[in-house]
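A short worksheet on the structure shown next.
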Amino acid sequence: MRMMVFVKATEDSEKGVMPTTELLDAMMKYNEELVKAGIMVGGDGLKPSSAGKRVAFDGPGRTVIDGPFAETRELVAGYWLWEVKDMDEAVEWVKRCPNPMFGPSEIEIRPFFEMEDFAEIVTPEIAEREARLRAETEGR
Amino acid sequence: MAATDIQRTIETVFRIEQPRLIAGLARMLRDMGRAEELAQDALLVALAEWPARGVPDNPGAWLMAAAKRRAIDGLRRDKMRARKHEEIGRDLETARDTSVEDMEAAMDDDVGDELLGLIFTACHPVLSPDARAALTLRLIGGLGTDEIARAFLTSEPTIAQRIVRAKKTIGQAGLTFEVPRGSERAGRLASVLEVIYLIFNEGYAATRGEDLVRPALCDEARRLGRILAGLAPEEPEVHGLLALMEIQSSRLAARTARDGSFVPLPEQNRARWDHGMIARGLAALDRAEALGGADGPYALQAALAACHARALTPEATDWPRIAGLYDRLRTLLPSPVVDLNRAVAHSMAFGPEAGLAIADQLAEAAMLRNYAPLPAARGDFLFRAGRLEEARAEFVRAASLTRNEGERRFLLGRAEACGPAAMP
């Protein structure tokens with residue numbers, strides 16, 4: 001199962017406070033563990049939301065909003081992409097992560113949609129519609 | 001935490017720790033079976049103690065300490081005190097008093113090496129490839145015998161027996177669980193890579209049954225490949241194999257139609273390829289080549305797969321480059337199967353007659369006598385050359401040889417497309 005693992009932002013990370021060498025060191029060790037366990041597929045850190053932009057959609061309208069954004073705890077400061085056997089395994093690995101921030105912080109785990117999930121969504125109406133569409137195209 | 005929750009947590013922690021635990025114990029005791037038993041004992045101790053006191057900060061070191069205590073108790077009870085046992089016992093006695101922190105530090109230093117040693121031992125050439133695969137999935141992948149049996153479409157007792165016999169062979173051969181060095185290393189590494197690729201292929205090209213792919217085995221093989229790349233990052237062929245598996249896996253979703261039938265490469269919807277996997281595969285291939293491994297057999301095959309992965313449409317495929325890569329691969333892995341693929345590549349690069357010329361030389365190869373892809377490829381060359389009657393016969397023959405139901409349907413469909421059979 002592929003998991004997106006989000007390191008959530010804090011006031012410090014949003015202010016651009018850099019981690020200490022000790023924390024960087026601990027994080028590097030942790031990342032090495034992830035690699036040796038064969039679950040690490042990718043990941044990176046993100047700049048504070050002050051460097052980001054949002055595009056708001058409303059019908060045909062598009063509005064560009066400059067960062068920084070409020071609701072700090074809902075923002076993302078970094079992410080990993082993991083391949084694990086199940087959610088339990090992902091939770092255990094997250095527990096082993098050093099606290100990535102100075103104060104209290106959160107890490108969120110979200111499974112990707114996989115092939116099987118789409119198989120359910122695709123059947124039966126969409127499949128039928130697609131088959132009809134294909135028949136029409138080929139009949140031309 | 002509810003009792004069932006903590007039990008699940010403990011089992012998950014154990015699943016994560018098990019390979020290193022067995023690796024450490026096996027190296028120490030030179031006995032794979034005993035190492036596995038002790039690891040199981042440690043799990044029982046954890047299940048008894050952790051619900052009350054919580055999961056320890058370093059569960060790996062804790063489990064190792066528990067297993068070592070059991071090992072000492074076992075040795076004490078053991079009446080046959082062979083010299084070897086005494087020595088190990090003494091080592092363990094001294095280890096016993098060290099604190100968990102010391103042990104943890106020692107594990108950090110050694111753990112990669114021990115795990116790598118276990119992988120090399122489980123994949124030792126004294127074992128048959130099937131036995132190596134079962135043992136590797138059991139010990140490194142942490143799969144149960146039931147899961148392995150299901151993956152290999154065989155019975156659980158067969159797998160269990162295969163594993164028991166493999167452990168016995170390892171014991172009798174007196175393997176040391178060390179990482180091979182020097183001149184021995186290359187051959188032993190090839191044996192490890194062969195097993196991982198065998199597991200991958202068992203998942204990717206399931207030769208029997210209804211399922212064209214059993215993705216779980218592909219996932220497992222890629223994970224093993226990544227573990228190996230993490231433990232031996234200096235080996236170009238490890239990255240080559242990982243690249244090959246990533247790029248091939250990227251097509252898993254696209255190569256099976258909704259009705260379960262097989263979709264050949266040129267007809268696959270390339271938007272359904274997993275482009276994240278392709279990117280990772282290409283990056284791994286770059287690493288293999290940067291380490292000087294461009295001409296390794298896996299790197300070459302990955303380079304071939306990469307030619308397809310880079311083409312946004314089938315027409316954009318660089319067939320002359322593929323034909324050239326096959327020319328190189330066949331000097332490295334001389335096999336009729338490689339030659340057959342080479343024939344396909346040459347037919348695409350230089351026309352169906354070029355493919356037929358190579359395929360005709362292969363018709364005599366005993367290994368390919370009942371090999372469905374040969375008549376399937378010949379059928380395709382003949383079809384493209386406009387020789388429909390001959391093409392039809394080849395497709396029918398290929399369909400009669402394949403063991404995969406989806407592939408059989410596909411080949412019969414191609415036979416039909418050649419027009420009706422001539423009346424005898």
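Every chain in the structure tokens takes a letter, A first, then B, and so on in the order presented; its residues are numbered from 1, and the ligands are numbered from 1 following the presented order.
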
Closest atom pairs, residues of chain B within 10 Å of chain A, only C-alpha atoms, as CSV:
```
residue,atom,partner,partner_atom,distance
B:Arg8,CA,A:Asp88,CA,7.9
B:Thr9,CA,A:Asp88,CA,7.2
B:Ile10,CA,A:Glu92,CA,9.6
B:Glu11,CA,A:Asp88,CA,9.4
B:Thr12,CA,A:Glu89,CA,5.9
B:Val13,CA,A:Glu92,CA,6.7
B:Arg15,CA,A:Glu89,CA,8.4
B:Ile16,CA,A:Glu89,CA,7.6
B:Glu17,CA,A:Ala37,CA,9.7
B:Pro19,CA,A:Ala37,CA,9.6
B:Arg20,CA,A:Ala37,CA,9.8
B:Asp57,CA,A:Arg96,CA,8.7
B:Asn58,CA,A:Arg96,CA,9.0
B:Asp108,CA,A:Glu33,CA,9.7
B:Val111,CA,A:Lys36,CA,9.8
B:Gly112,CA,A:Lys36,CA,7.5
B:Leu115,CA,A:Lys36,CA,9.5
B:Ile140,CA,A:Ala37,CA,9.9
B:Ala216,CA,A:Lys85,CA,9.2
B:Asp219,CA,A:Glu83,CA,8.3
B:Glu220,CA,A:Lys85,CA,9.0
B:Arg222,CA,A:Gly38,CA,8.2
B:Arg223,CA,A:Gly38,CA,5.0
B:Leu224,CA,A:Gly38,CA,6.6
B:Gly225,CA,A:Gly38,CA,7.6
B:Arg226,CA,A:Gly38,CA,4.7
B:Ile227,CA,A:Gly38,CA,4.3
B:Leu228,CA,A:Lys36,CA,7.5
B:Ala229,CA,A:Lys36,CA,7.9
B:Gly230,CA,A:Lys36,CA,4.7
B:Leu231,CA,A:Lys36,CA,6.1
B:Ala232,CA,A:Lys36,CA,9.6
B:Leu252,CA,A:Met115,CA,9.4
B:Ala253,CA,A:Met115,CA,6.9
B:Arg258,CA,A:Ala119,CA,8.4
B:Gly276,CA,A:Val41,CA,9.7
B:Met277,CA,A:Val41,CA,9.2
B:Arg280,CA,A:Val41,CA,8.2
```

* Which residues, written as a PyMOL selection string, have at least one atom at most 8 Å from Ala9 (chain A), with only C-alpha atoms counted and residues fewer than 4 positions away on the same chain left out? -> chain A and resi 13-14+72-77+105

Can you write just those residues out, C-alpha atoms, as a PDB file, in the first residue's frame?
```pdb
ATOM      1  CA  SER A  13       8.055  25.922  10.593  1.00  0.00           C
ATOM      2  CA  GLU A  14       5.841  28.627   9.141  1.00  0.00           C
ATOM      3  CA  THR A  72      -1.208  26.730  10.442  1.00  0.00           C
ATOM      4  CA  ARG A  73      -1.978  23.262  11.828  1.00  0.00           C
ATOM      5  CA  GLU A  74      -3.641  22.248   8.565  1.00  0.00           C
ATOM      6  CA  LEU A  75      -0.656  23.215   6.437  1.00  0.00           C
ATOM      7  CA  VAL A  76       1.964  20.768   5.263  1.00  0.00           C
ATOM      8  CA  ALA A  77       5.674  21.272   5.992  1.00  0.00           C
ATOM      9  CA  SER A 105       3.433  18.553  16.157  1.00  0.00           C
TER      10      SER A 105
END
```

* To do: Please identify all polymer residues within 7 Å of region 366-381 of chain B, counting only C-alpha atoms, omitting same-chain residues fewer than 6 positions from it, and present them as a count of residues only.
  => 14

* To do: Write out as a count of residues only each polymer residue whose atoms come within 10 Å of region 44-56 of chain A, counting only C-alpha atoms; drop sequence neighbours fewer than 2 positions from it.
  => 32

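Nearest to Leu137 (chain B) of all the residues B:Ala243, B:Phe177, B:Glu114, B:Ile163 is B:Ile163, counting only C-alpha atoms.
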
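Those residues that approach Pro420 (chain B) to within 12 Å, counting only C-alpha atoms, are Leu388, Glu389, Glu390, Ala391, Arg392, Ala393, Gly413, Arg414, Ala415, Glu416, Ala417, Cys418, Ala422, Met423 and Pro424 of chain B; same-chain residues fewer than 2 positions away are not listed.
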
Let me see the file: selected residues, N, CA and C atoms, as a short mmCIF file (atom, residue, chain, number, x, y, z; two decimals), in the first residue's frame.
```cif
data_model
loop_
_atom_site.label_atom_id
_atom_site.label_comp_id
_atom_site.auth_asym_id
_atom_site.auth_seq_id
_atom_site.Cartn_x
_atom_site.Cartn_y
_atom_site.Cartn_z
N LEU B 388 -1.11 -14.07 -44.22
CA LEU B 388 -2.14 -14.27 -43.20
C LEU B 388 -2.38 -15.75 -42.88
N GLU B 389 -2.39 -16.58 -43.88
CA GLU B 389 -2.68 -18.00 -43.65
C GLU B 389 -1.65 -18.63 -42.71
N GLU B 390 -0.35 -18.32 -42.99
CA GLU B 390 0.71 -18.84 -42.12
C GLU B 390 0.61 -18.23 -40.72
N ALA B 391 0.29 -16.93 -40.69
CA ALA B 391 0.18 -16.22 -39.41
C ALA B 391 -0.88 -16.88 -38.54
N ARG B 392 -2.02 -17.19 -39.17
CA ARG B 392 -3.14 -17.78 -38.43
C ARG B 392 -2.71 -19.08 -37.74
N ALA B 393 -2.01 -19.94 -38.49
CA ALA B 393 -1.57 -21.22 -37.94
C ALA B 393 -0.65 -21.01 -36.73
N GLY B 413 -7.92 -14.48 -30.53
CA GLY B 413 -8.45 -13.27 -31.16
C GLY B 413 -7.59 -12.85 -32.35
N ARG B 414 -6.28 -12.95 -32.16
CA ARG B 414 -5.38 -12.57 -33.27
C ARG B 414 -5.49 -13.56 -34.43
N ALA B 415 -5.67 -14.83 -34.10
CA ALA B 415 -5.84 -15.84 -35.16
C ALA B 415 -7.08 -15.52 -35.98
N GLU B 416 -8.14 -15.14 -35.29
CA GLU B 416 -9.40 -14.82 -35.96
C GLU B 416 -9.23 -13.63 -36.90
N ALA B 417 -8.40 -12.66 -36.44
CA ALA B 417 -8.20 -11.45 -37.24
C ALA B 417 -7.46 -11.74 -38.54
N CYS B 418 -6.90 -12.93 -38.66
CA CYS B 418 -6.21 -13.29 -39.90
C CYS B 418 -7.19 -13.77 -40.97
N ALA B 422 -8.37 -21.71 -44.16
CA ALA B 422 -8.62 -22.31 -45.47
C ALA B 422 -9.21 -23.70 -45.28
N MET B 423 -10.16 -24.06 -46.14
CA MET B 423 -10.76 -25.40 -46.03
C MET B 423 -9.73 -26.45 -46.42
N PRO B 424 -9.62 -27.50 -45.64
CA PRO B 424 -8.62 -28.51 -46.00
C PRO B 424 -9.04 -29.27 -47.27
#
```

* Using DSSP on the backbone coordinates, identify all residues within region 2-128 of chain A classified as alpha helix (DSSP H); present the result as a PyMOL selection string. => chain A and resi 11-15+21-36+87-95+115-122+125-128

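Residue neighbourhood of region 169-171 of chain B, excluding near-sequence residues (fewer than 4 positions): Ala26, Leu29, Arg30, Asp31, Met32, Gly33, Arg34, Ala35, Leu118, Phe120, Thr121, Ala122, Cys123, His124, Pro125, Val126, Leu127, Ser128, Ala131, Arg132, Leu135, Arg162, Ile163, Val164, Arg165, Leu175, Thr176 and Phe177 of chain B, at 12 Å, using only C-alpha atoms.
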
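Neighbours of region 148-157 of chain B closer than or equal to 8 Å, with only C-alpha atoms counted and sequence neighbours fewer than 6 positions away skipped, come out as Ala134, Leu137, Arg138, Glu202, Gly203, Arg214 and Leu217 of chain B.
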
Those residues with C-alpha atoms, as a PDB file, in the first residue's frame please?
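As a result, selection27.pdb now contains:
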```pdb
ATOM      1  CA  ALA B 134      10.456 -19.298  -0.212  1.00  0.00           C
ATOM      2  CA  LEU B 137       9.957 -14.349   1.519  1.00  0.00           C
ATOM      3  CA  ARG B 138       9.611 -16.045   4.919  1.00  0.00           C
ATOM      4  CA  GLU B 202       6.198 -14.995 -10.376  1.00  0.00           C
ATOM      5  CA  GLY B 203       4.016 -12.009  -9.573  1.00  0.00           C
ATOM      6  CA  ARG B 214      -0.298 -11.083  -8.555  1.00  0.00           C
ATOM      7  CA  LEU B 217       4.500 -10.476  -5.069  1.00  0.00           C
TER       8      LEU B 217
END
```

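In terms of minimum interatomic distance to Pro98 (chain A), A:Ala26 ranks closest within A:Thr20, A:Phe112, A:Ala26, A:Val5, counting only C-alpha atoms.
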
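CA of Cys97 (chain A) is found 10.7 Å from CA of Leu23 (chain A).
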
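When only C-alpha atoms are used to measure the gap to Val55 (chain B), the shortest distance among B:Ala257, B:Leu412, B:Leu25, B:Ile6 belongs to B:Ile6.
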